[in-house]
Amino acid sequence: MKFDLIVPIFNIQEHLDACLSSIFRQTYRNFRAIMIDDGSTDGSSLIAQSYADKDARFEYYRKQNGGLSDARNFGLEKLMAEYVLFIDGDDYIELDLLEVVYQELLHNPVDVLEFNGWIVENGVRNRCVNTFYIDKGIIKSGRDYILDNVKSRGIMVPVWLKAVRSKVLLQNHLYFAVGKLHEDELWTPKLYFMADSVKYIDRCLYNYVQREGSITHQADRDKSARDAKEIYYQLEKYYRGLGLTRSQRNILTSCLSIQMIEVCRRSKREGMTPRDKEFIIRNAKGIRSVGNMLLFLVLPKHYELLSRVVKDVLGYH
């Protein structure tokens with residue numbers, strides 16, 4: 001079994017060698033690293049090219065800057081292996097990531113294999129990315145997987161916590177929204193509904209490095225809010241077109257209502273428009289989403305404190 005690894009690169013010379021070295025030293029050797037240089041202006045290009053020069057498994061491509069989604073889409077066009085993984089160039093992976101994934105897929109060749117990761121701050125692994133999934137080791141259809149987890153606690157949207165069967169993406173033309181932040185939040189739910197089988201293993205195999213200067217920290221707050229809102233509107237439309245039962249649809253849109261509240265609350269300049277308010281009310285169906293809606297609309301100044309109390313009482317985190 002061979003893996004394609006899509007590695008977007010843009011001005012990350014201080015972190016790139018650690019990323020590529022963690023790929024180079026994988027205990028499972030049958031992979032191809034597709035390095036996409038998205039128009040770097042620092043030393044990232046030289047670092048990436050050095051790996052391509054010394055190891056034929058590393059392929060270097062340079063393109064005009066188009067953003068993270070555009071770089072990932074460029075990599076998707078190069079896929080040849082049965083499975084693909086996404087590794088951001090400023091993160092790094094455990095040396096046995098591919099070995100663990102290979103052994104899991106050898107025995108259970110699912111469309112999507114999910115795993116856990118570490119959040120690394122100031123060089124220290126301080127917590128796991130995922131602390132709440134209910135489906136450890138259970139194979140489910142993608143539809144059941146997203147419905148069950150959203151109903152319970154939520155889903156993990158980062159693409160770098162997944163090994164995905166390439167044909168699922170290519171046959172369904174599942175690409176990333178170019179020019180948008182929060183692109184994983186739109187891409188991942190669609191992936192689940194396209195996947196016949198999904199499995200989660202509770203192994204921390206990825207290291208997500210928090211750093212100043214990343215897209216998350218640099219992003220203009222207003223654009224981030226606008227993009228997130230637009231994605232929630234798109235997902236609402238997408239869910240309503242899937243032929244779900246009313247109960248199933250309500251599970252998903254109730255989550256969107258809560259997410260919209262969080263974006264409106266955190267974005268002081270964007271705030272909540274009348275359209276956003278209608279969205280929140282229209283999609284609040286379950287106990288948790290209705291409670292959040294009432295707290296936010298009636299007691300906005302006390303929302304953060306009261307919602308935290310509600311989360312503790314109901315066991316949400």
# chains A, B, ... in the order shown; residues from 1 in each chain; ligands from 1

$ select_by_dssp --residues "segment 78-257 of chain A" --states "alpha helix (DSSP H)" --output "count of residues only"
76

$ closest_atom_pairs --of "segment 121-227 of chain A" --to "segment 75-85 of chain A" --cutoff "8 Å" --atoms "only C-alpha atoms" --output "Markdown table"
| residue | atom | partner | partner_atom | distance |
| --- | --- | --- | --- | --- |
| A:Val159 | CA | A:Leu85 | CA | 7.9 |
| A:Trp160 | CA | A:Leu85 | CA | 6.7 |
| A:Lys162 | CA | A:Leu85 | CA | 6.3 |
| A:Ala163 | CA | A:Leu85 | CA | 4.9 |
| A:Val164 | CA | A:Val84 | CA | 5.4 |
| A:Arg165 | CA | A:Tyr83 | CA | 4.4 |
| A:Ser166 | CA | A:Tyr83 | CA | 5.1 |
| A:Lys167 | CA | A:Glu82 | CA | 7.4 |
| A:Leu170 | CA | A:Leu76 | CA | 7.9 |
| A:Tyr175 | CA | A:Leu76 | CA | 7.8 |

$ residues_around --residues "Arg143 of chain A" --least-positions-apart "4" --cutoff "12 Å" --atoms "only C-alpha atoms" --output "ChimeraX atom specification"
/A:139,147-150,188-198,239,242-245,248-249,251-252

$ residues_around --residues "Ala71 of chain A" --least-positions-apart "3" --cutoff "10 Å" --atoms "only C-alpha atoms" --output "list in words"
Ile6, Val7, Pro8, Ile9, Phe10, Met35, Ile36, Asp37, Asp38, Gly39, Tyr61, Arg62, Lys63, Gln64, Asn65, Gly66, Gly67, Leu68, Phe74, Gly75, Leu76, Phe176 and Val178 of chain A

$ closest_residue --among "A:Leu205, A:Val298, A:Val101, A:Ile155" --to "Leu256 of chain A" --atoms "only C-alpha atoms"
A:Ile155

$ residues_around --residues "segment 126-129 of chain A" --least-positions-apart "3" --cutoff "9 Å" --atoms "only C-alpha atoms" --output "ChimeraX atom specification"
/A:116-121,156,204,208

$ write_last_selection --atoms "N, CA, C and O atoms" --output "PDB file, in the first residue's frame"
ATOM      1  N   ASN A 116      -5.748  10.795  16.161  1.00  0.00           N
ATOM      2  CA  ASN A 116      -5.633  11.938  17.054  1.00  0.00           C
ATOM      3  C   ASN A 116      -4.294  12.646  16.844  1.00  0.00           C
ATOM      4  O   ASN A 116      -3.440  12.174  16.088  1.00  0.00           O
ATOM      5  N   GLY A 117      -4.117  13.759  17.530  1.00  0.00           N
ATOM      6  CA  GLY A 117      -2.867  14.493  17.422  1.00  0.00           C
ATOM      7  C   GLY A 117      -2.596  15.299  18.672  1.00  0.00           C
ATOM      8  O   GLY A 117      -3.461  15.443  19.542  1.00  0.00           O
ATOM      9  N   TRP A 118      -1.387  15.834  18.734  1.00  0.00           N
ATOM     10  CA  TRP A 118      -0.976  16.692  19.848  1.00  0.00           C
ATOM     11  C   TRP A 118      -1.048  18.153  19.432  1.00  0.00           C
ATOM     12  O   TRP A 118      -0.723  18.504  18.297  1.00  0.00           O
ATOM     13  N   ILE A 119      -1.424  19.024  20.353  1.00  0.00           N
ATOM     14  CA  ILE A 119      -1.273  20.459  20.171  1.00  0.00           C
ATOM     15  C   ILE A 119       0.041  20.855  20.827  1.00  0.00           C
ATOM     16  O   ILE A 119       0.262  20.597  22.011  1.00  0.00           O
ATOM     17  N   VAL A 120       0.934  21.455  20.042  1.00  0.00           N
ATOM     18  CA  VAL A 120       2.274  21.797  20.513  1.00  0.00           C
ATOM     19  C   VAL A 120       2.383  23.314  20.633  1.00  0.00           C
ATOM     20  O   VAL A 120       2.231  24.040  19.649  1.00  0.00           O
ATOM     21  N   GLU A 121       2.647  23.793  21.837  1.00  0.00           N
ATOM     22  CA  GLU A 121       2.800  25.215  22.091  1.00  0.00           C
ATOM     23  C   GLU A 121       4.143  25.467  22.755  1.00  0.00           C
ATOM     24  O   GLU A 121       4.470  24.827  23.756  1.00  0.00           O
ATOM     25  N   MET A 156     -14.317  16.521  14.535  1.00  0.00           N
ATOM     26  CA  MET A 156     -13.001  17.106  14.340  1.00  0.00           C
ATOM     27  C   MET A 156     -12.824  17.356  12.849  1.00  0.00           C
ATOM     28  O   MET A 156     -12.753  16.419  12.058  1.00  0.00           O
ATOM     29  N   CYS A 204      -2.347   9.465  19.050  1.00  0.00           N
ATOM     30  CA  CYS A 204      -1.816  10.787  18.707  1.00  0.00           C
ATOM     31  C   CYS A 204      -0.636  10.611  17.749  1.00  0.00           C
ATOM     32  O   CYS A 204       0.475  10.278  18.170  1.00  0.00           O
ATOM     33  N   TYR A 208       0.379  19.261  15.861  1.00  0.00           N
ATOM     34  CA  TYR A 208      -0.119  20.531  15.364  1.00  0.00           C
ATOM     35  C   TYR A 208       0.572  21.658  16.119  1.00  0.00           C
ATOM     36  O   TYR A 208       0.337  21.857  17.306  1.00  0.00           O
TER      37      TYR A 208
END

$ decode --residues "segment 166-189 of chain A" --atoms "N, CA, C and O atoms" --output "PDB file, in the first residue's frame"
ATOM      1  N   SER A 166      -8.224   8.014  -1.937  1.00  0.00           N
ATOM      2  CA  SER A 166      -8.104   9.052  -2.954  1.00  0.00           C
ATOM      3  C   SER A 166      -9.297   9.091  -3.907  1.00  0.00           C
ATOM      4  O   SER A 166      -9.775  10.172  -4.282  1.00  0.00           O
ATOM      5  N   LYS A 167      -9.797   7.932  -4.290  1.00  0.00           N
ATOM      6  CA  LYS A 167     -10.886   7.914  -5.274  1.00  0.00           C
ATOM      7  C   LYS A 167     -12.165   8.549  -4.737  1.00  0.00           C
ATOM      8  O   LYS A 167     -12.980   9.042  -5.527  1.00  0.00           O
ATOM      9  N   VAL A 168     -12.353   8.548  -3.418  1.00  0.00           N
ATOM     10  CA  VAL A 168     -13.526   9.210  -2.840  1.00  0.00           C
ATOM     11  C   VAL A 168     -13.479  10.702  -3.149  1.00  0.00           C
ATOM     12  O   VAL A 168     -14.503  11.318  -3.492  1.00  0.00           O
ATOM     13  N   LEU A 169     -12.304  11.296  -3.052  1.00  0.00           N
ATOM     14  CA  LEU A 169     -12.143  12.718  -3.331  1.00  0.00           C
ATOM     15  C   LEU A 169     -12.240  13.006  -4.823  1.00  0.00           C
ATOM     16  O   LEU A 169     -12.931  13.942  -5.246  1.00  0.00           O
ATOM     17  N   LEU A 170     -11.557  12.207  -5.621  1.00  0.00           N
ATOM     18  CA  LEU A 170     -11.480  12.475  -7.059  1.00  0.00           C
ATOM     19  C   LEU A 170     -12.805  12.197  -7.766  1.00  0.00           C
ATOM     20  O   LEU A 170     -13.237  12.972  -8.628  1.00  0.00           O
ATOM     21  N   GLN A 171     -13.454  11.111  -7.411  1.00  0.00           N
ATOM     22  CA  GLN A 171     -14.719  10.785  -8.064  1.00  0.00           C
ATOM     23  C   GLN A 171     -15.830  11.762  -7.706  1.00  0.00           C
ATOM     24  O   GLN A 171     -16.751  11.987  -8.488  1.00  0.00           O
ATOM     25  N   ASN A 172     -15.742  12.332  -6.524  1.00  0.00           N
ATOM     26  CA  ASN A 172     -16.757  13.284  -6.077  1.00  0.00           C
ATOM     27  C   ASN A 172     -16.334  14.740  -6.253  1.00  0.00           C
ATOM     28  O   ASN A 172     -17.060  15.649  -5.856  1.00  0.00           O
ATOM     29  N   HIS A 173     -15.159  14.930  -6.846  1.00  0.00           N
ATOM     30  CA  HIS A 173     -14.638  16.273  -7.104  1.00  0.00           C
ATOM     31  C   HIS A 173     -14.644  17.128  -5.826  1.00  0.00           C
ATOM     32  O   HIS A 173     -15.083  18.283  -5.836  1.00  0.00           O
ATOM     33  N   LEU A 174     -14.171  16.536  -4.748  1.00  0.00           N
ATOM     34  CA  LEU A 174     -14.161  17.224  -3.466  1.00  0.00           C
ATOM     35  C   LEU A 174     -12.848  17.988  -3.310  1.00  0.00           C
ATOM     36  O   LEU A 174     -11.811  17.420  -2.968  1.00  0.00           O
ATOM     37  N   TYR A 175     -12.932  19.287  -3.566  1.00  0.00           N
ATOM     38  CA  TYR A 175     -11.775  20.164  -3.437  1.00  0.00           C
ATOM     39  C   TYR A 175     -12.042  21.203  -2.344  1.00  0.00           C
ATOM     40  O   TYR A 175     -13.148  21.299  -1.820  1.00  0.00           O
ATOM     41  N   PHE A 176     -11.027  21.975  -2.027  1.00  0.00           N
ATOM     42  CA  PHE A 176     -11.128  22.976  -0.978  1.00  0.00           C
ATOM     43  C   PHE A 176     -11.543  24.324  -1.560  1.00  0.00           C
ATOM     44  O   PHE A 176     -11.153  24.677  -2.676  1.00  0.00           O
ATOM     45  N   ALA A 177     -12.338  25.073  -0.804  1.00  0.00           N
ATOM     46  CA  ALA A 177     -12.810  26.385  -1.235  1.00  0.00           C
ATOM     47  C   ALA A 177     -11.641  27.366  -1.235  1.00  0.00           C
ATOM     48  O   ALA A 177     -11.084  27.683  -0.182  1.00  0.00           O
ATOM     49  N   VAL A 178     -11.278  27.841  -2.413  1.00  0.00           N
ATOM     50  CA  VAL A 178     -10.113  28.715  -2.549  1.00  0.00           C
ATOM     51  C   VAL A 178     -10.438  30.111  -2.029  1.00  0.00           C
ATOM     52  O   VAL A 178     -11.513  30.659  -2.263  1.00  0.00           O
ATOM     53  N   GLY A 179      -9.481  30.684  -1.300  1.00  0.00           N
ATOM     54  CA  GLY A 179      -9.629  32.038  -0.798  1.00  0.00           C
ATOM     55  C   GLY A 179     -10.442  32.156   0.471  1.00  0.00           C
ATOM     56  O   GLY A 179     -10.717  33.265   0.936  1.00  0.00           O
ATOM     57  N   LYS A 180     -10.833  31.020   1.053  1.00  0.00           N
ATOM     58  CA  LYS A 180     -11.651  31.015   2.254  1.00  0.00           C
ATOM     59  C   LYS A 180     -10.847  30.507   3.451  1.00  0.00           C
ATOM     60  O   LYS A 180     -10.070  29.554   3.328  1.00  0.00           O
ATOM     61  N   LEU A 181     -11.061  31.134   4.593  1.00  0.00           N
ATOM     62  CA  LEU A 181     -10.589  30.568   5.845  1.00  0.00           C
ATOM     63  C   LEU A 181     -11.634  29.566   6.329  1.00  0.00           C
ATOM     64  O   LEU A 181     -12.759  29.556   5.850  1.00  0.00           O
ATOM     65  N   HIS A 182     -11.266  28.726   7.271  1.00  0.00           N
ATOM     66  CA  HIS A 182     -12.177  27.693   7.798  1.00  0.00           C
ATOM     67  C   HIS A 182     -12.565  26.683   6.715  1.00  0.00           C
ATOM     68  O   HIS A 182     -13.629  26.075   6.779  1.00  0.00           O
ATOM     69  N   GLU A 183     -11.689  26.486   5.738  1.00  0.00           N
ATOM     70  CA  GLU A 183     -12.027  25.606   4.621  1.00  0.00           C
ATOM     71  C   GLU A 183     -12.286  24.168   5.062  1.00  0.00           C
ATOM     72  O   GLU A 183     -13.108  23.470   4.451  1.00  0.00           O
ATOM     73  N   ASP A 184     -11.624  23.732   6.134  1.00  0.00           N
ATOM     74  CA  ASP A 184     -11.846  22.368   6.630  1.00  0.00           C
ATOM     75  C   ASP A 184     -13.278  22.169   7.108  1.00  0.00           C
ATOM     76  O   ASP A 184     -13.820  21.065   7.029  1.00  0.00           O
ATOM     77  N   GLU A 185     -13.896  23.235   7.631  1.00  0.00           N
ATOM     78  CA  GLU A 185     -15.241  23.129   8.179  1.00  0.00           C
ATOM     79  C   GLU A 185     -16.278  22.847   7.093  1.00  0.00           C
ATOM     80  O   GLU A 185     -17.342  22.289   7.381  1.00  0.00           O
ATOM     81  N   LEU A 186     -15.982  23.226   5.869  1.00  0.00           N
ATOM     82  CA  LEU A 186     -16.872  22.931   4.749  1.00  0.00           C
ATOM     83  C   LEU A 186     -16.526  21.603   4.097  1.00  0.00           C
ATOM     84  O   LEU A 186     -17.408  20.820   3.726  1.00  0.00           O
ATOM     85  N   TRP A 187     -15.245  21.319   3.995  1.00  0.00           N
ATOM     86  CA  TRP A 187     -14.757  20.133   3.283  1.00  0.00           C
ATOM     87  C   TRP A 187     -15.061  18.845   4.047  1.00  0.00           C
ATOM     88  O   TRP A 187     -15.526  17.859   3.463  1.00  0.00           O
ATOM     89  N   THR A 188     -14.815  18.828   5.351  1.00  0.00           N
ATOM     90  CA  THR A 188     -14.916  17.595   6.131  1.00  0.00           C
ATOM     91  C   THR A 188     -16.336  17.034   6.220  1.00  0.00           C
ATOM     92  O   THR A 188     -16.529  15.827   6.019  1.00  0.00           O
ATOM     93  N   PRO A 189     -17.365  17.839   6.529  1.00  0.00           N
ATOM     94  CA  PRO A 189     -18.720  17.265   6.547  1.00  0.00           C
ATOM     95  C   PRO A 189     -19.118  16.648   5.210  1.00  0.00           C
ATOM     96  O   PRO A 189     -19.767  15.594   5.167  1.00  0.00           O
TER      97      PRO A 189
END
